[in-house]
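What follows is the content of upload-v3.txt (compact mmCIF, C-alpha atoms and all ligand atoms).
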# COMPACT_ATOMS: atom_id res chain seq x y z
CA MET L 6 38.09 21.43 87.01
CA ASN L 7 37.57 17.72 86.51
CA LEU L 8 37.84 16.45 90.08
CA THR L 9 37.42 12.71 90.63
CA VAL L 10 36.63 11.38 94.10
CA LYS L 11 37.49 7.89 95.24
CA LYS L 12 36.30 7.24 98.77
CA ALA L 13 38.12 5.07 101.29
CA ASN L 14 36.54 1.63 101.82
CA SER L 15 37.13 1.61 105.52
CA LEU L 16 37.41 4.70 107.68
CA LYS L 17 39.98 5.12 110.43
CA GLN L 18 39.08 5.50 114.06
CA LYS L 19 38.89 9.12 115.21
CA PRO L 20 41.39 10.23 117.85
CA ASP L 21 40.53 11.45 121.35
CA GLU L 22 40.01 15.20 120.89
CA SER L 23 41.17 16.05 124.39
CA ASN L 24 44.59 14.63 123.63
CA LEU L 25 45.54 15.75 120.12
CA GLY L 26 49.17 16.63 119.63
CA PHE L 27 50.52 18.29 116.49
CA GLY L 28 50.95 16.66 113.09
CA THR L 29 50.90 12.93 113.80
CA ILE L 30 47.32 11.95 112.88
CA PHE L 31 45.98 12.20 109.34
CA THR L 32 42.44 11.97 107.97
CA ASP L 33 40.88 9.37 105.61
CA HIS L 34 41.43 11.23 102.33
CA MET L 35 43.94 13.40 100.50
CA PHE L 36 44.01 15.51 97.33
CA ASN L 37 46.54 14.87 94.55
CA MET L 38 47.31 16.30 91.13
CA ASP L 39 50.22 15.91 88.74
CA TYR L 40 52.17 18.20 86.44
CA ASP L 41 53.90 17.49 83.18
CA PRO L 42 54.90 19.97 80.49
CA GLU L 43 52.30 18.69 77.97
CA LYS L 44 49.22 18.48 80.16
CA GLY L 45 50.10 21.12 82.77
CA TRP L 46 48.45 20.43 86.15
CA HIS L 47 46.07 17.51 85.59
CA ASN L 48 44.45 14.44 87.13
CA GLN L 49 42.91 16.34 90.06
CA ARG L 50 41.70 13.66 92.41
CA ILE L 51 40.60 13.05 95.98
CA GLU L 52 41.54 9.56 97.10
CA PRO L 53 42.16 7.55 100.25
CA TYR L 54 45.10 8.85 102.33
CA GLY L 55 48.10 6.59 101.74
CA PRO L 56 51.79 6.27 100.91
CA MET L 57 53.24 7.65 97.68
CA ILE L 58 55.35 5.23 95.71
CA MET L 59 58.49 6.87 94.34
CA ASP L 60 61.48 5.84 92.27
CA PRO L 61 64.62 6.10 94.46
CA ALA L 62 66.00 8.57 91.90
CA THR L 63 63.04 10.96 92.38
CA MET L 64 64.56 14.45 92.30
CA VAL L 65 62.96 15.87 95.45
CA LEU L 66 64.66 13.15 97.52
CA HIS L 67 68.10 14.32 96.38
CA TYR L 68 67.98 18.07 95.77
CA GLY L 69 65.10 19.32 97.87
CA GLN L 70 63.02 20.99 95.18
CA SER L 71 59.87 21.23 97.28
CA ILE L 72 57.54 23.86 98.70
CA PHE L 73 54.69 23.75 101.20
CA GLU L 74 52.01 25.70 103.01
CA GLY L 75 50.26 25.49 106.37
CA LEU L 76 46.77 26.77 107.12
CA LYS L 77 43.88 25.79 109.37
CA ALA L 78 40.15 25.05 109.41
CA PHE L 79 38.02 25.61 112.53
CA ILE L 80 34.57 24.60 113.72
CA GLY L 81 32.48 27.70 114.42
CA GLU L 82 29.74 28.35 116.95
CA SER L 83 27.00 26.85 114.79
CA GLY L 84 28.99 23.86 113.56
CA GLU L 85 30.18 25.50 110.33
CA VAL L 86 33.72 24.81 109.02
CA ARG L 87 35.79 27.99 108.67
CA LEU L 88 39.00 28.37 106.61
CA PHE L 89 41.37 31.19 107.62
CA ARG L 90 42.89 33.25 104.76
CA PRO L 91 43.26 30.39 102.21
CA LYS L 92 43.77 32.79 99.27
CA ASP L 93 46.81 34.27 101.00
CA ASN L 94 48.34 30.83 101.52
CA PHE L 95 47.95 29.80 97.89
CA ALA L 96 49.23 33.18 96.65
CA ARG L 97 52.31 32.59 98.81
CA LEU L 98 52.61 29.01 97.49
CA ASN L 99 52.87 30.50 93.99
CA ARG L 100 55.54 32.97 95.12
CA SER L 101 57.51 30.06 96.59
CA ALA L 102 56.91 28.12 93.34
CA ARG L 103 58.46 30.89 91.24
CA ARG L 104 61.55 31.03 93.43
CA MET L 105 61.98 27.23 93.28
CA CYS L 106 61.36 26.84 89.49
CA ILE L 107 58.11 24.94 90.19
CA PRO L 108 55.09 25.55 87.92
CA GLU L 109 52.43 27.72 89.55
CA ILE L 110 49.01 26.35 90.45
CA ASP L 111 45.61 28.00 89.91
CA PRO L 112 44.59 29.11 93.43
CA ALA L 113 40.84 29.02 92.66
CA THR L 114 40.98 25.40 91.46
CA VAL L 115 43.03 24.31 94.43
CA ILE L 116 40.83 26.11 96.98
CA GLU L 117 37.76 24.46 95.44
CA ALA L 118 39.44 21.04 95.69
CA LEU L 119 40.52 21.78 99.28
CA LYS L 120 36.94 22.68 100.24
CA GLU L 121 35.70 19.44 98.68
CA LEU L 122 38.33 17.47 100.61
CA VAL L 123 37.47 19.17 103.91
CA ARG L 124 33.73 18.55 103.30
CA LEU L 125 34.45 14.86 102.74
CA ASP L 126 36.56 14.63 105.92
CA LYS L 127 34.40 17.10 107.88
CA SER L 128 33.95 14.67 110.78
CA TRP L 129 37.72 14.98 111.36
CA VAL L 130 37.58 18.72 112.10
CA PRO L 131 37.84 18.69 115.90
CA SER L 132 35.52 20.86 117.97
CA ALA L 133 37.07 20.78 121.46
CA PRO L 134 38.26 24.27 122.57
CA GLY L 135 41.52 25.31 120.94
CA THR L 136 41.59 22.43 118.43
CA SER L 137 41.59 22.75 114.63
CA LEU L 138 42.30 20.93 111.38
CA TYR L 139 45.82 21.68 110.13
CA ILE L 140 46.02 21.68 106.33
CA ARG L 141 49.32 20.90 104.61
CA PRO L 142 49.54 21.51 100.84
CA ALA L 143 52.90 20.67 99.23
CA ILE L 144 54.53 20.37 95.80
CA VAL L 145 57.49 18.06 95.13
CA ALA L 146 59.73 17.42 92.10
CA THR L 147 59.11 13.95 90.67
CA ASP L 148 61.45 13.35 87.71
CA PRO L 149 63.49 10.17 88.30
CA TYR L 150 66.88 11.74 87.56
CA VAL L 151 70.05 12.27 89.60
CA GLY L 152 71.49 15.08 87.49
CA VAL L 153 70.92 18.62 88.74
CA ARG L 154 68.30 20.80 87.06
CA ALA L 155 64.69 21.78 87.79
CA SER L 156 62.39 18.78 87.44
CA SER L 157 59.93 18.67 84.53
CA THR L 158 57.22 16.77 86.47
CA TYR L 159 55.67 17.48 89.88
CA ARG L 160 53.13 16.18 92.39
CA PHE L 161 50.88 18.55 94.32
CA PHE L 162 49.11 17.11 97.36
CA ILE L 163 47.08 18.22 100.37
CA ILE L 164 46.89 16.26 103.61
CA LEU L 165 44.83 17.09 106.71
CA SER L 166 45.70 16.63 110.37
CA PRO L 167 43.48 17.29 113.42
CA VAL L 168 45.61 19.22 115.93
CA GLY L 169 45.25 20.11 119.58
CA ALA L 170 45.35 23.34 121.48
CA TYR L 171 48.94 24.49 121.09
CA TYR L 172 49.12 25.54 124.73
CA LYS L 173 48.31 22.63 127.02
CA GLU L 174 48.76 24.48 130.31
CA GLY L 175 47.69 27.84 128.99
CA PHE L 176 49.71 30.41 127.20
CA ASN L 177 53.30 29.98 128.44
CA PRO L 178 56.18 32.22 127.35
CA VAL L 179 59.03 30.38 125.61
CA LYS L 180 62.78 30.80 126.01
CA ILE L 181 64.63 31.64 122.82
CA TRP L 182 68.26 31.26 121.91
CA ILE L 183 70.18 33.43 119.48
CA SER L 184 72.57 31.41 117.37
CA LYS L 185 75.96 33.10 117.05
CA ASP L 186 77.52 30.36 114.93
CA TYR L 187 74.86 29.44 112.37
CA VAL L 188 72.58 31.25 109.93
CA ARG L 189 69.33 30.16 108.32
CA ALA L 190 69.04 32.35 105.23
CA VAL L 191 70.63 35.27 103.41
CA ILE L 192 69.20 37.96 101.14
CA GLY L 193 69.17 36.43 97.67
CA GLY L 194 68.82 32.93 99.15
CA LEU L 195 65.67 30.94 99.95
CA GLY L 196 64.50 32.58 103.18
CA GLU L 197 61.40 34.15 101.68
CA ALA L 198 60.23 30.87 100.08
CA LYS L 199 58.38 28.27 102.17
CA THR L 200 60.72 25.48 101.16
CA ALA L 201 62.21 22.43 102.88
CA ALA L 202 65.79 23.73 102.66
CA ASN L 203 65.16 26.50 105.21
CA TYR L 204 64.20 23.87 107.74
CA ALA L 205 67.17 21.64 106.90
CA ALA L 206 69.38 24.69 107.52
CA SER L 207 67.80 25.27 110.93
CA LEU L 208 68.08 21.83 112.54
CA TYR L 209 71.60 21.92 113.91
CA ALA L 210 71.16 25.22 115.75
CA SER L 211 67.74 24.07 117.02
CA GLU L 212 69.34 20.99 118.59
CA GLU L 213 71.97 23.19 120.17
CA ALA L 214 69.22 25.41 121.62
CA HIS L 215 67.29 22.37 122.94
CA LYS L 216 70.39 20.92 124.60
CA ASN L 217 70.76 24.20 126.47
CA GLY L 218 67.15 24.25 127.61
CA TYR L 219 65.80 26.70 125.01
CA THR L 220 62.67 26.11 122.90
CA GLN L 221 63.48 27.93 119.67
CA VAL L 222 66.25 29.70 117.79
CA LEU L 223 66.05 33.41 117.02
CA TRP L 224 67.93 33.98 113.77
CA LEU L 225 70.04 37.02 113.04
CA ASP L 226 70.73 38.14 109.45
CA GLY L 227 73.23 35.92 107.66
CA VAL L 228 75.69 38.65 106.63
CA GLU L 229 76.24 41.10 109.49
CA ARG L 230 74.77 38.77 112.16
CA LYS L 231 73.33 41.85 113.72
CA TYR L 232 69.70 42.28 112.65
CA ILE L 233 66.84 40.18 113.94
CA GLU L 234 65.07 38.00 111.36
CA GLU L 235 62.63 35.39 112.71
CA VAL L 236 62.22 32.53 115.20
CA GLY L 237 62.08 28.88 114.07
CA SER L 238 58.84 28.72 112.13
CA MET L 239 57.50 32.04 113.39
CA ASN L 240 57.91 35.74 112.73
CA ILE L 241 58.87 37.92 115.72
CA PHE L 242 57.45 41.09 117.26
CA PHE L 243 58.63 43.40 120.07
CA VAL L 244 56.79 46.07 122.00
CA ILE L 245 59.32 48.88 122.59
CA GLY L 246 57.80 51.80 124.48
CA ASP L 247 54.39 52.08 122.87
CA GLU L 248 55.53 50.92 119.43
CA LEU L 249 54.95 47.43 118.00
CA VAL L 250 57.95 46.50 115.86
CA THR L 251 58.75 43.58 113.59
CA PRO L 252 61.60 43.03 111.12
CA ALA L 253 60.88 44.33 107.60
CA LEU L 254 60.55 41.75 104.80
CA THR L 255 63.99 42.18 103.31
CA GLY L 256 64.12 38.97 101.26
CA SER L 257 65.50 36.53 103.81
CA ILE L 258 62.37 36.40 106.01
CA LEU L 259 59.18 34.44 105.37
CA ALA L 260 56.16 36.72 104.91
CA GLY L 261 53.95 35.14 107.56
CA ILE L 262 50.18 35.48 107.23
CA THR L 263 49.81 35.63 111.02
CA ARG L 264 52.44 38.41 110.99
CA GLU L 265 50.35 40.36 108.51
CA SER L 266 47.17 39.71 110.53
CA VAL L 267 48.79 41.11 113.70
CA ILE L 268 50.08 44.21 111.83
CA LYS L 269 46.62 44.91 110.38
CA ILE L 270 44.72 44.42 113.62
CA ALA L 271 47.20 46.44 115.69
CA SER L 272 47.43 49.36 113.27
CA GLU L 273 43.87 49.51 111.89
CA LYS L 274 41.79 48.24 114.83
CA TRP L 275 43.78 49.31 117.87
CA GLY L 276 45.41 52.40 116.38
CA MET L 277 48.80 51.24 117.64
CA LYS L 278 52.00 52.53 116.11
CA VAL L 279 53.39 49.58 114.10
CA SER L 280 56.78 49.62 112.37
CA GLU L 281 58.28 47.13 109.95
CA ARG L 282 61.96 47.97 110.03
CA LYS L 283 65.45 46.73 110.75
CA ILE L 284 65.91 45.87 114.44
CA SER L 285 69.40 45.10 115.66
CA ILE L 286 70.02 42.79 118.58
CA ASP L 287 71.88 45.69 120.21
CA GLU L 288 68.73 47.81 120.04
CA ILE L 289 66.82 45.05 121.87
CA MET L 290 69.53 44.73 124.55
CA GLU L 291 69.55 48.53 125.03
CA ALA L 292 65.76 48.75 125.17
CA ASP L 293 65.85 46.07 127.86
CA ALA L 294 68.53 47.96 129.81
CA LYS L 295 66.45 51.16 129.62
CA GLY L 296 63.32 49.32 130.74
CA ILE L 297 61.34 50.07 127.56
CA LEU L 298 61.32 46.52 126.11
CA LYS L 299 57.83 45.60 127.25
CA GLU L 300 56.96 42.45 125.30
CA SER L 301 58.06 40.01 122.63
CA PHE L 302 56.11 37.30 120.85
CA GLY L 303 56.30 35.00 117.83
CA THR L 304 53.53 34.60 115.24
CA GLY L 305 52.68 31.60 113.06
CA THR L 306 49.74 29.44 112.01
CA ALA L 307 50.49 26.59 114.44
CA ALA L 308 50.69 28.58 117.71
CA VAL L 309 49.08 31.83 116.45
CA ILE L 310 50.93 33.89 119.13
CA SER L 311 53.79 32.54 121.20
CA PRO L 312 54.98 34.91 123.95
CA VAL L 313 58.74 35.12 124.53
CA GLY L 314 59.86 35.16 128.17
CA ASN L 315 63.66 34.99 127.81
CA ILE L 316 66.25 35.68 125.14
CA LYS L 317 69.82 34.45 125.38
CA TYR L 318 72.50 36.19 123.30
CA GLY L 319 76.02 34.99 124.07
CA ASP L 320 76.49 35.42 127.84
CA LYS L 321 73.57 37.78 128.19
CA ILE L 322 70.12 36.57 129.12
CA ILE L 323 67.23 39.00 129.26
CA THR L 324 63.83 38.36 130.83
CA ILE L 325 60.91 40.10 129.20
CA ASN L 326 57.82 41.22 131.14
CA ASN L 327 58.96 39.08 134.12
CA GLY L 328 58.60 35.98 131.94
CA GLU L 329 54.83 36.53 131.80
CA VAL L 330 52.36 36.96 128.94
CA GLY L 331 52.00 40.64 128.06
CA PRO L 332 48.79 42.49 127.21
CA VAL L 333 49.54 42.96 123.49
CA ALA L 334 50.34 39.25 122.99
CA LYS L 335 47.18 38.26 124.88
CA LYS L 336 44.96 40.66 122.96
CA ALA L 337 46.44 39.58 119.59
CA PHE L 338 45.86 35.92 120.46
CA ASP L 339 42.27 36.55 121.61
CA THR L 340 41.46 38.67 118.56
CA ILE L 341 42.86 36.32 115.91
CA THR L 342 41.44 33.15 117.46
CA GLY L 343 38.14 34.99 118.03
CA ILE L 344 37.93 35.73 114.29
CA GLN L 345 39.02 32.18 113.39
CA TYR L 346 36.33 30.48 115.52
CA GLY L 347 33.67 33.07 114.66
CA LYS L 348 33.35 34.46 118.19
CA LEU L 349 34.33 37.92 116.96
CA GLU L 350 33.34 39.71 113.76
CA ASP L 351 35.67 39.31 110.79
CA PRO L 352 36.40 42.92 109.77
CA PHE L 353 38.89 42.06 107.02
CA GLY L 354 36.96 39.21 105.32
CA TRP L 355 39.61 36.65 106.29
CA VAL L 356 37.34 33.66 106.89
CA GLU L 357 35.79 31.47 104.18
CA ILE L 358 32.97 29.25 105.34
CA ILE L 359 32.93 25.86 103.63
C1 LIG Y 401 55.31 29.28 107.78
C2 LIG Y 401 56.41 30.07 108.38
C3 LIG Y 401 56.16 31.19 109.20
C4 LIG Y 401 54.78 31.61 109.66
O1 LIG Y 401 53.91 31.92 108.62
P1 LIG Y 401 52.33 31.90 108.87
O2 LIG Y 401 51.78 32.19 107.52
O3 LIG Y 401 52.03 32.95 109.86
O4 LIG Y 401 51.99 30.54 109.36
C5 LIG Y 401 57.25 31.93 109.65
N1 LIG Y 401 58.51 31.57 109.34
C6 LIG Y 401 58.78 30.50 108.57
C7 LIG Y 401 60.20 30.17 108.26
C8 LIG Y 401 57.75 29.71 108.07
O5 LIG Y 401 58.04 28.63 107.32
Go through the file and emit its structure as structure tokens.
Ligand SMILES: *Cc1c(COP(=O)(O)O)cnc(C)c1O
Amino acid sequence: MNLTVKKANSLKQKPDESNLGFGTIFTDHMFNMDYDPEKGWHNQRIEPYGPMIMDPATMVLHYGQSIFEGLKAFIGESGEVRLFRPKDNFARLNRSARRMCIPEIDPATVIEALKELVRLDKSWVPSAPGTSLYIRPAIVATDPYVGVRASSTYRFFIILSPVGAYYKEGFNPVKIWISKDYVRAVIGGLGEAKTAANYAASLYASEEAHKNGYTQVLWLDGVERKYIEEVGSMNIFFVIGDELVTPALTGSILAGITRESVIKIASEKWGMKVSERKISIDEIMEADAKGILKESFGTGTAAVISPVGNIKYGDKIITINNGEVGPVAKKAFDTITGIQYGKLEDPFGWVEII
């Protein structure tokens, strides 16, 4: 790869690490590359972070042909920078690309460029407990054209954002709301691609949940409105009896990397019974009534594990584990973050040290 590096003339002031939120502060540099049908992906460059100038007719602004990823870098015990499962994120980016008619990228080239970018902005990787550097790669359609078709040109970029501990006052269970009126995705639609449209589809129901005092929406399948899919930007797990269950990847659910990490750790390290299968909302309500619904939690890169304390479905509200963090959620959180920060061994080779 021919990577050019143009450094920023003046560097921004670093934020207070004890007070980082999520996704509002960006580092000094970014990575960019362009696609056109003749040259393929070209002009790989690291340059100062800054606005992108676009023609108002740029296709992504009108028809949403865009995909993205989210991964994190951590500072380890001896000051090393650690990337968690980057190959899996870029493999998924290519799966999203195929679904959205976007040309695939070469993961090895992009991971090399990402490492170079993180090395350059290394002083932005926060080291306070629970903090990390959130990495956002994205690809957007750039033809200036208001007719509908797949674009012929694209921009790939990576931006970096230092983020705080997701849980300010510890690890608090969230309240989730099941939408009866709206759906996010259907089999054959875009649910398994990490694309902007899935988020656009989720906003109205999320606002409804917020107005009613709930943090996130738990989506049911778009056809029968019966089977559990995922929560907001997280996959969902339940502990029923001594079994850990999560919805199977049927085509309308995003294949989360944290989801896969939890499945692997629980089945291979803890010897727990783990099932990926259809789970109806009725099964959850019955398990609660029988007293065998022990825990529920969401999984995703931002929060890692987010325990669920309450679920509201129509007039019914259930409270799980007395609204407290359960042992499986706690252990999953401690194990994954332990591997990420290098406090625990990395049995699956998930971490790449920069
Ligand atoms: C990104 C995302 C997730 C979580 O995936 P991770 O790889 O674990 O971060 C879950 N659901 C949706 C809709 C997502 O976009």
Practice task
In Å, rounded to a single decimal, give me how far CA of Gly237 (chain L) is from CA of Arg141 (chain L).
Solution key: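 Atom-to-atom, CA of Arg141 (chain L) to CA of Gly237 (chain L), that is 17.8 Å.
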Fill in the blank from the handout: Pairwise distance, atom O2 of ligand LIG 401 (chain Y) with CA of Lys180 (chain L), equals 21.6 Å
Exercise for the section: Throw together the list of residues within 10 Å of ligand LIG 401 (chain Y), counting only C-alpha atoms and all ligand atoms, and drop it here as number ranges by chain. Expected result: L: 72-77, 90, 93-94, 97, 189-190, 195-201, 203-204, 207, 234-241, 257-267, 303-310
Atoms kept (C-alpha atoms) for selection, written as an mmCIF file, keeping the file's coordinate frame:
data_model
loop_
_atom_site.group_PDB
_atom_site.id
_atom_site.type_symbol
_atom_site.label_atom_id
_atom_site.label_comp_id
_atom_site.auth_asym_id
_atom_site.auth_seq_id
_atom_site.Cartn_x
_atom_site.Cartn_y
_atom_site.Cartn_z
ATOM 1 C CA ILE L 72 57.540 23.860 98.700
ATOM 2 C CA PHE L 73 54.690 23.750 101.200
ATOM 3 C CA GLU L 74 52.010 25.700 103.010
ATOM 4 C CA GLY L 75 50.260 25.490 106.370
ATOM 5 C CA LEU L 76 46.770 26.770 107.120
ATOM 6 C CA LYS L 77 43.880 25.790 109.370
ATOM 7 C CA ARG L 90 42.890 33.250 104.760
ATOM 8 C CA ASP L 93 46.810 34.270 101.000
ATOM 9 C CA ASN L 94 48.340 30.830 101.520
ATOM 10 C CA ARG L 97 52.310 32.590 98.810
ATOM 11 C CA ARG L 189 69.330 30.160 108.320
ATOM 12 C CA ALA L 190 69.040 32.350 105.230
ATOM 13 C CA LEU L 195 65.670 30.940 99.950
ATOM 14 C CA GLY L 196 64.500 32.580 103.180
ATOM 15 C CA GLU L 197 61.400 34.150 101.680
ATOM 16 C CA ALA L 198 60.230 30.870 100.080
ATOM 17 C CA LYS L 199 58.380 28.270 102.170
ATOM 18 C CA THR L 200 60.720 25.480 101.160
ATOM 19 C CA ALA L 201 62.210 22.430 102.880
ATOM 20 C CA ASN L 203 65.160 26.500 105.210
ATOM 21 C CA TYR L 204 64.200 23.870 107.740
ATOM 22 C CA SER L 207 67.800 25.270 110.930
ATOM 23 C CA GLU L 234 65.070 38.000 111.360
ATOM 24 C CA GLU L 235 62.630 35.390 112.710
ATOM 25 C CA VAL L 236 62.220 32.530 115.200
ATOM 26 C CA GLY L 237 62.080 28.880 114.070
ATOM 27 C CA SER L 238 58.840 28.720 112.130
ATOM 28 C CA MET L 239 57.500 32.040 113.390
ATOM 29 C CA ASN L 240 57.910 35.740 112.730
ATOM 30 C CA ILE L 241 58.870 37.920 115.720
ATOM 31 C CA SER L 257 65.500 36.530 103.810
ATOM 32 C CA ILE L 258 62.370 36.400 106.010
ATOM 33 C CA LEU L 259 59.180 34.440 105.370
ATOM 34 C CA ALA L 260 56.160 36.720 104.910
ATOM 35 C CA GLY L 261 53.950 35.140 107.560
ATOM 36 C CA ILE L 262 50.180 35.480 107.230
ATOM 37 C CA THR L 263 49.810 35.630 111.020
ATOM 38 C CA ARG L 264 52.440 38.410 110.990
ATOM 39 C CA GLU L 265 50.350 40.360 108.510
ATOM 40 C CA SER L 266 47.170 39.710 110.530
ATOM 41 C CA VAL L 267 48.790 41.110 113.700
ATOM 42 C CA GLY L 303 56.300 35.000 117.830
ATOM 43 C CA THR L 304 53.530 34.600 115.240
ATOM 44 C CA GLY L 305 52.680 31.600 113.060
ATOM 45 C CA THR L 306 49.740 29.440 112.010
ATOM 46 C CA ALA L 307 50.490 26.590 114.440
ATOM 47 C CA ALA L 308 50.690 28.580 117.710
ATOM 48 C CA VAL L 309 49.080 31.830 116.450
ATOM 49 C CA ILE L 310 50.930 33.890 119.130
#
Nearby residues (all atoms listed in the file) at most 12 Å from Glu212 (chain L), same-chain spacing under 5 positions excluded, as an mmCIF file with C-alpha atoms, keeping the file's coordinate frame:
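Below is the file that was written, around-v4.cif:
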data_model
loop_
_atom_site.group_PDB
_atom_site.id
_atom_site.type_symbol
_atom_site.label_atom_id
_atom_site.label_comp_id
_atom_site.auth_asym_id
_atom_site.auth_seq_id
_atom_site.Cartn_x
_atom_site.Cartn_y
_atom_site.Cartn_z
ATOM 1 C CA TRP L 182 68.260 31.260 121.910
ATOM 2 C CA SER L 184 72.570 31.410 117.370
ATOM 3 C CA TYR L 187 74.860 29.440 112.370
ATOM 4 C CA ALA L 205 67.170 21.640 106.900
ATOM 5 C CA ALA L 206 69.380 24.690 107.520
ATOM 6 C CA SER L 207 67.800 25.270 110.930
ATOM 7 C CA ASN L 217 70.760 24.200 126.470
ATOM 8 C CA GLY L 218 67.150 24.250 127.610
ATOM 9 C CA TYR L 219 65.800 26.700 125.010
ATOM 10 C CA THR L 220 62.670 26.110 122.900
ATOM 11 C CA GLN L 221 63.480 27.930 119.670
ATOM 12 C CA VAL L 222 66.250 29.700 117.790
ATOM 13 C CA GLY L 237 62.080 28.880 114.070
#
Practice task
Figure out the distance between CA of Pro56 (chain L) and CA of Met35 (chain L), please, to one decimal in Å.
Solution key: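 Going from CA of Met35 (chain L) over to CA of Pro56 (chain L), I get 10.6 Å.
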